[in-house]
Amino acid sequence: MATHKILLLPGDGIGPEVAGEVSKVLAWFTRAGIARFETETDLVGGAAIDAHGVPLSEAAMDRAKAADAVLFGAVGGPKWAGVPYAKRPEAGLLRLRKDLGLFANLRPAICYPALAEASALKRELVEGLDIVIVRELTGGVYFGEPKEIVTLEDGQKRAVDTQVYTTGEIERIAAVAFDLARKRRNKVASAEKHNVMKTGVLWKETVTKLHAEQYSDVGLEHVLADNCAMQLVRNPKQYDVLVTDNLFGDILSDVAAMLTGSLGMLPSASLGAIENGTRRALYEPVHGSAPDIAGQNLANPIAMIGSLAMALRYSFGLLEAADQLEAAITRTLAAGTRTRDIAGPGTNAVGTTEMGDAIVRELQAQG
Ligand code: NAI
Ligand code: MG
C-alpha cells in the first residue's frame, strides 16, 4: 500500500480545531487499513509569526514541497493586526500558493439534501446540487501590468488594471477542468466575455481548440460570464464543471457558495503543475480563522473534512475512500447532527469535536 505524505498546517483561530478533526479521520482510514498516511504538522500564519517571526518558515516551505498534499486550516486574527503588510499571517498562504505554483482553484458547491432549507434558493433548485467551479488563480486582471493610479494634467486621477492571459495559461486551467469532468459527469462549461474582451476571445478559442484536440469525449459549452451568473441562480444543476478566469471565478464561486448554506461547509482545492508525476496541491476550507468563535468548540469541521475528501480524490487517487468520507458526512447530516452554524433556530447543536466523532462513527458503521 502506498504511503501518502501530508503536511498539515493548522494555522490560527479555529484552524487547529478543525484540523484536529481531520486528524481523527486520517487515523480512522489508517486503522481500517484503507490507506496509509505519513502526516507532518507545522506552523503557518500568526502561529508561525509568534514562533519564528515569519508567517511561514523555510523549513515548513520545504516540507510543503516534499509533501504529496498540504492540508491548510486558516490564518489570521486580531492579534496580528499590527504586523507589517509583507509579514502578515495571510502572507504565509500567498507564499505557499506562489511557490507551489497553484494556478487552479477548485471550489465545489454541494448541497446536502438535509441542508437544502439553508440555501438562498428554493429546495428543488438546489437539492442534490454538486458542481465544481474551476477558477484560474495566478493570472488575469489581479496581476496584469500596467496596474496603477496616475494623476492627469487636469488634476483627475486615472486607474488602470490590465487583464492578461496567454494561451499556455488558458490551456493548463482548461485541462484541469476537462480532466476533472472525466472523473465526474463529463461536462464542462467555460465562462468568459468574448463579446467585449480580447482575453475572452482568446479564452474561447483556446478552450475550443484544446477540446477538439484532446478532450472531444467531454461535453463542452461556452457561456457568457454574466449569463452564467444568472444561470447559477436560475438553474444551477445544469452545470457539472465550470471553468473561468480569476476575476469571474472569484465572483461566480461566491454566488455558487450562497446556494449551499454556511461557510463552515465549503471545501476547496488549489492545484499546481505536475512534477515527477504528482500534481502539487493544497486543500483548505473556504472560511477564515473565525476569531469570534475560536477556542470554544463551536466551529463546523465539515469544510475542513470535505477538503480532505478532495485530497483523497484528486491527490491520492483514493476515489472510493473519498466517496466513503463524503457519504459519511451526508449521513451524519441526515441523522440531524448539526453544529451551531447550520442548526436551525431552536435546534440542538453539537460542538466541533462531537461533529468529527459523529463522522468517524458513520465511517465505522459503513465499514
Ligand atoms: P471567517 O471565514 O473567519 O468568518 C466569517 C464568519 O463565518 C464568522 O462569523 C465565523 O464565525 C463564521 N465561520 C467561519 N468558519 C466557520 C466554521 N467552520 N464554522 C462555523 N462558523 C464559521 O472570515 P472573517 O471573519 O472575515 O476573517 C477572520 C480572519 O480570518 C481574518 O483575519 C481574515 O484575514 C482571515 N481569513 C483567512 C482565510 C484563510 O486562511 N484562507 C480566508 C478568509 C479570512
Ligand atoms: Mg471572493
# chains A, B, ... in the order shown; residues from 1 in each chain; ligands from 1
>>> residues_near_ligand(ligand="ligand 2", cutoff="8 Å", atoms="only C-alpha atoms and all ligand atoms", output="PyMOL selection string")
chain A and resi 250-251+253-254
>>> residues_near_ligand(ligand="ligand 1", cutoff="10 Å", atoms="only C-alpha atoms and all ligand atoms", output="ChimeraX atom specification")
/A:10-15,17-18,44-46,72-81,88-94,262-266,284-294,297-304,339-342,351-352
>>> residues_around(residues="Ala311 (chain A)", least_positions_apart="6", cutoff="8 Å", atoms="only C-alpha atoms", output="JSON, numbers by chain")
{"A": [69, 269, 283]}
>>> select_by_dssp(residues="region 249-285 of chain A", states="strand (DSSP E or B)", output="list of chain:residue names")
A:Pro267, A:Ser268, A:Ala269, A:Ser270, A:Leu271, A:Gly272, A:Ala273, A:Ile274, A:Glu275, A:Thr278, A:Arg279, A:Arg280, A:Ala281, A:Leu282, A:Tyr283, A:Glu284, A:Pro285
>>> closest_residue(among="A:His211, A:Arg135, A:His194, A:Arg338", to="Leu247 (chain A)", atoms="only C-alpha atoms")
A:Arg135
>>> closest_residue(among="A:Gly306, A:Tyr142, A:Val54, A:Lys193", to="Val160 (chain A)", atoms="only C-alpha atoms")
A:Tyr142
>>> residues_around(residues="Leu271 (chain A)", least_positions_apart="3", cutoff="6 Å", atoms="only C-alpha atoms", output="ChimeraX atom specification")
/A:102,104,280-281
>>> closest_residue(among="A:Val243, A:Ile170, A:Leu319, A:Ala32", to="Lys187 (chain A)", atoms="only C-alpha atoms")
A:Val243
>>> select_by_dssp(residues="region 27-188 of chain A", states="alpha helix (DSSP H)", output="PyMOL selection string")
chain A and resi 27-31+46-52+58-66+90-99+123-126+167-182
>>> closest_residue(among="A:Arg123, A:Arg172, A:Arg31, A:Lys209", to="Phe103 (chain A)", atoms="only C-alpha atoms")
A:Arg172
>>> residues_around(residues="Glu221 (chain A)", least_positions_apart="6", cutoff="12 Å", atoms="only C-alpha atoms", output="ChimeraX atom specification")
/A:178,186-192,204,207-208,211,228,238-243
>>> write_last_selection(atoms="N, CA and C atoms", output="PDB file, in the first residue's frame")
ATOM      1  N   PHE A 178     -11.192  19.807 -17.790  1.00  0.00           N
ATOM      2  CA  PHE A 178     -11.585  18.637 -18.584  1.00  0.00           C
ATOM      3  C   PHE A 178     -11.239  17.334 -17.854  1.00  0.00           C
ATOM      4  N   ASN A 186     -18.714  14.464 -16.774  1.00  0.00           N
ATOM      5  CA  ASN A 186     -18.160  14.612 -18.123  1.00  0.00           C
ATOM      6  C   ASN A 186     -18.680  15.835 -18.892  1.00  0.00           C
ATOM      7  N   LYS A 187     -18.878  16.930 -18.164  1.00  0.00           N
ATOM      8  CA  LYS A 187     -19.423  18.132 -18.799  1.00  0.00           C
ATOM      9  C   LYS A 187     -18.661  19.355 -18.324  1.00  0.00           C
ATOM     10  N   VAL A 188     -18.222  20.200 -19.252  1.00  0.00           N
ATOM     11  CA  VAL A 188     -17.551  21.445 -18.879  1.00  0.00           C
ATOM     12  C   VAL A 188     -18.299  22.629 -19.485  1.00  0.00           C
ATOM     13  N   ALA A 189     -18.502  23.665 -18.675  1.00  0.00           N
ATOM     14  CA  ALA A 189     -18.978  24.947 -19.203  1.00  0.00           C
ATOM     15  C   ALA A 189     -17.841  25.941 -18.993  1.00  0.00           C
ATOM     16  N   SER A 190     -17.515  26.707 -20.034  1.00  0.00           N
ATOM     17  CA  SER A 190     -16.425  27.678 -19.960  1.00  0.00           C
ATOM     18  C   SER A 190     -17.025  29.075 -20.045  1.00  0.00           C
ATOM     19  N   ALA A 191     -16.734  29.902 -19.029  1.00  0.00           N
ATOM     20  CA  ALA A 191     -17.352  31.229 -18.962  1.00  0.00           C
ATOM     21  C   ALA A 191     -16.331  32.327 -19.232  1.00  0.00           C
ATOM     22  N   GLU A 192     -16.655  33.234 -20.138  1.00  0.00           N
ATOM     23  CA  GLU A 192     -15.821  34.404 -20.443  1.00  0.00           C
ATOM     24  C   GLU A 192     -16.742  35.471 -21.024  1.00  0.00           C
ATOM     25  N   LYS A 204     -11.942  31.643 -25.319  1.00  0.00           N
ATOM     26  CA  LYS A 204     -12.898  30.763 -26.007  1.00  0.00           C
ATOM     27  C   LYS A 204     -12.205  29.957 -27.108  1.00  0.00           C
ATOM     28  N   VAL A 207      -9.824  27.240 -25.501  1.00  0.00           N
ATOM     29  CA  VAL A 207     -10.565  26.124 -24.894  1.00  0.00           C
ATOM     30  C   VAL A 207     -11.162  25.242 -25.993  1.00  0.00           C
ATOM     31  N   THR A 208     -11.703  25.888 -27.042  1.00  0.00           N
ATOM     32  CA  THR A 208     -12.300  25.143 -28.154  1.00  0.00           C
ATOM     33  C   THR A 208     -11.265  24.248 -28.839  1.00  0.00           C
ATOM     34  N   HIS A 211     -10.132  21.336 -26.578  1.00  0.00           N
ATOM     35  CA  HIS A 211     -11.225  20.375 -26.527  1.00  0.00           C
ATOM     36  C   HIS A 211     -11.217  19.483 -27.766  1.00  0.00           C
ATOM     37  N   CYS A 228     -23.917  33.364 -17.120  1.00  0.00           N
ATOM     38  CA  CYS A 228     -23.587  32.269 -16.205  1.00  0.00           C
ATOM     39  C   CYS A 228     -24.029  32.595 -14.776  1.00  0.00           C
ATOM     40  N   GLN A 238     -27.814  22.529 -13.888  1.00  0.00           N
ATOM     41  CA  GLN A 238     -27.460  22.263 -15.290  1.00  0.00           C
ATOM     42  C   GLN A 238     -25.945  22.104 -15.462  1.00  0.00           C
ATOM     43  N   TYR A 239     -25.147  22.573 -14.491  1.00  0.00           N
ATOM     44  CA  TYR A 239     -23.688  22.525 -14.640  1.00  0.00           C
ATOM     45  C   TYR A 239     -23.076  21.313 -13.944  1.00  0.00           C
ATOM     46  N   ASP A 240     -21.853  20.975 -14.401  1.00  0.00           N
ATOM     47  CA  ASP A 240     -21.043  19.966 -13.711  1.00  0.00           C
ATOM     48  C   ASP A 240     -19.734  20.657 -13.314  1.00  0.00           C
ATOM     49  N   VAL A 241     -18.838  20.880 -14.293  1.00  0.00           N
ATOM     50  CA  VAL A 241     -17.609  21.628 -14.045  1.00  0.00           C
ATOM     51  C   VAL A 241     -17.705  22.953 -14.795  1.00  0.00           C
ATOM     52  N   LEU A 242     -17.386  24.037 -14.095  1.00  0.00           N
ATOM     53  CA  LEU A 242     -17.472  25.370 -14.676  1.00  0.00           C
ATOM     54  C   LEU A 242     -16.075  25.986 -14.603  1.00  0.00           C
ATOM     55  N   VAL A 243     -15.478  26.297 -15.761  1.00  0.00           N
ATOM     56  CA  VAL A 243     -14.108  26.842 -15.746  1.00  0.00           C
ATOM     57  C   VAL A 243     -14.135  28.304 -16.172  1.00  0.00           C
TER      58      VAL A 243
END
>>> atom_distance(atom1="CA of Ser268 (chain A)", atom2="CA of Ala59 (chain A)")
24.7 Å
>>> atom_distance(atom1="CA of Gly128 (chain A)", atom2="CA of Leu115 (chain A)")
10.0 Å
>>> closest_residue(among="A:Tyr112, A:Tyr215, A:Tyr165, A:Phe248", to="Ala327 (chain A)", atoms="only C-alpha atoms")
A:Tyr112
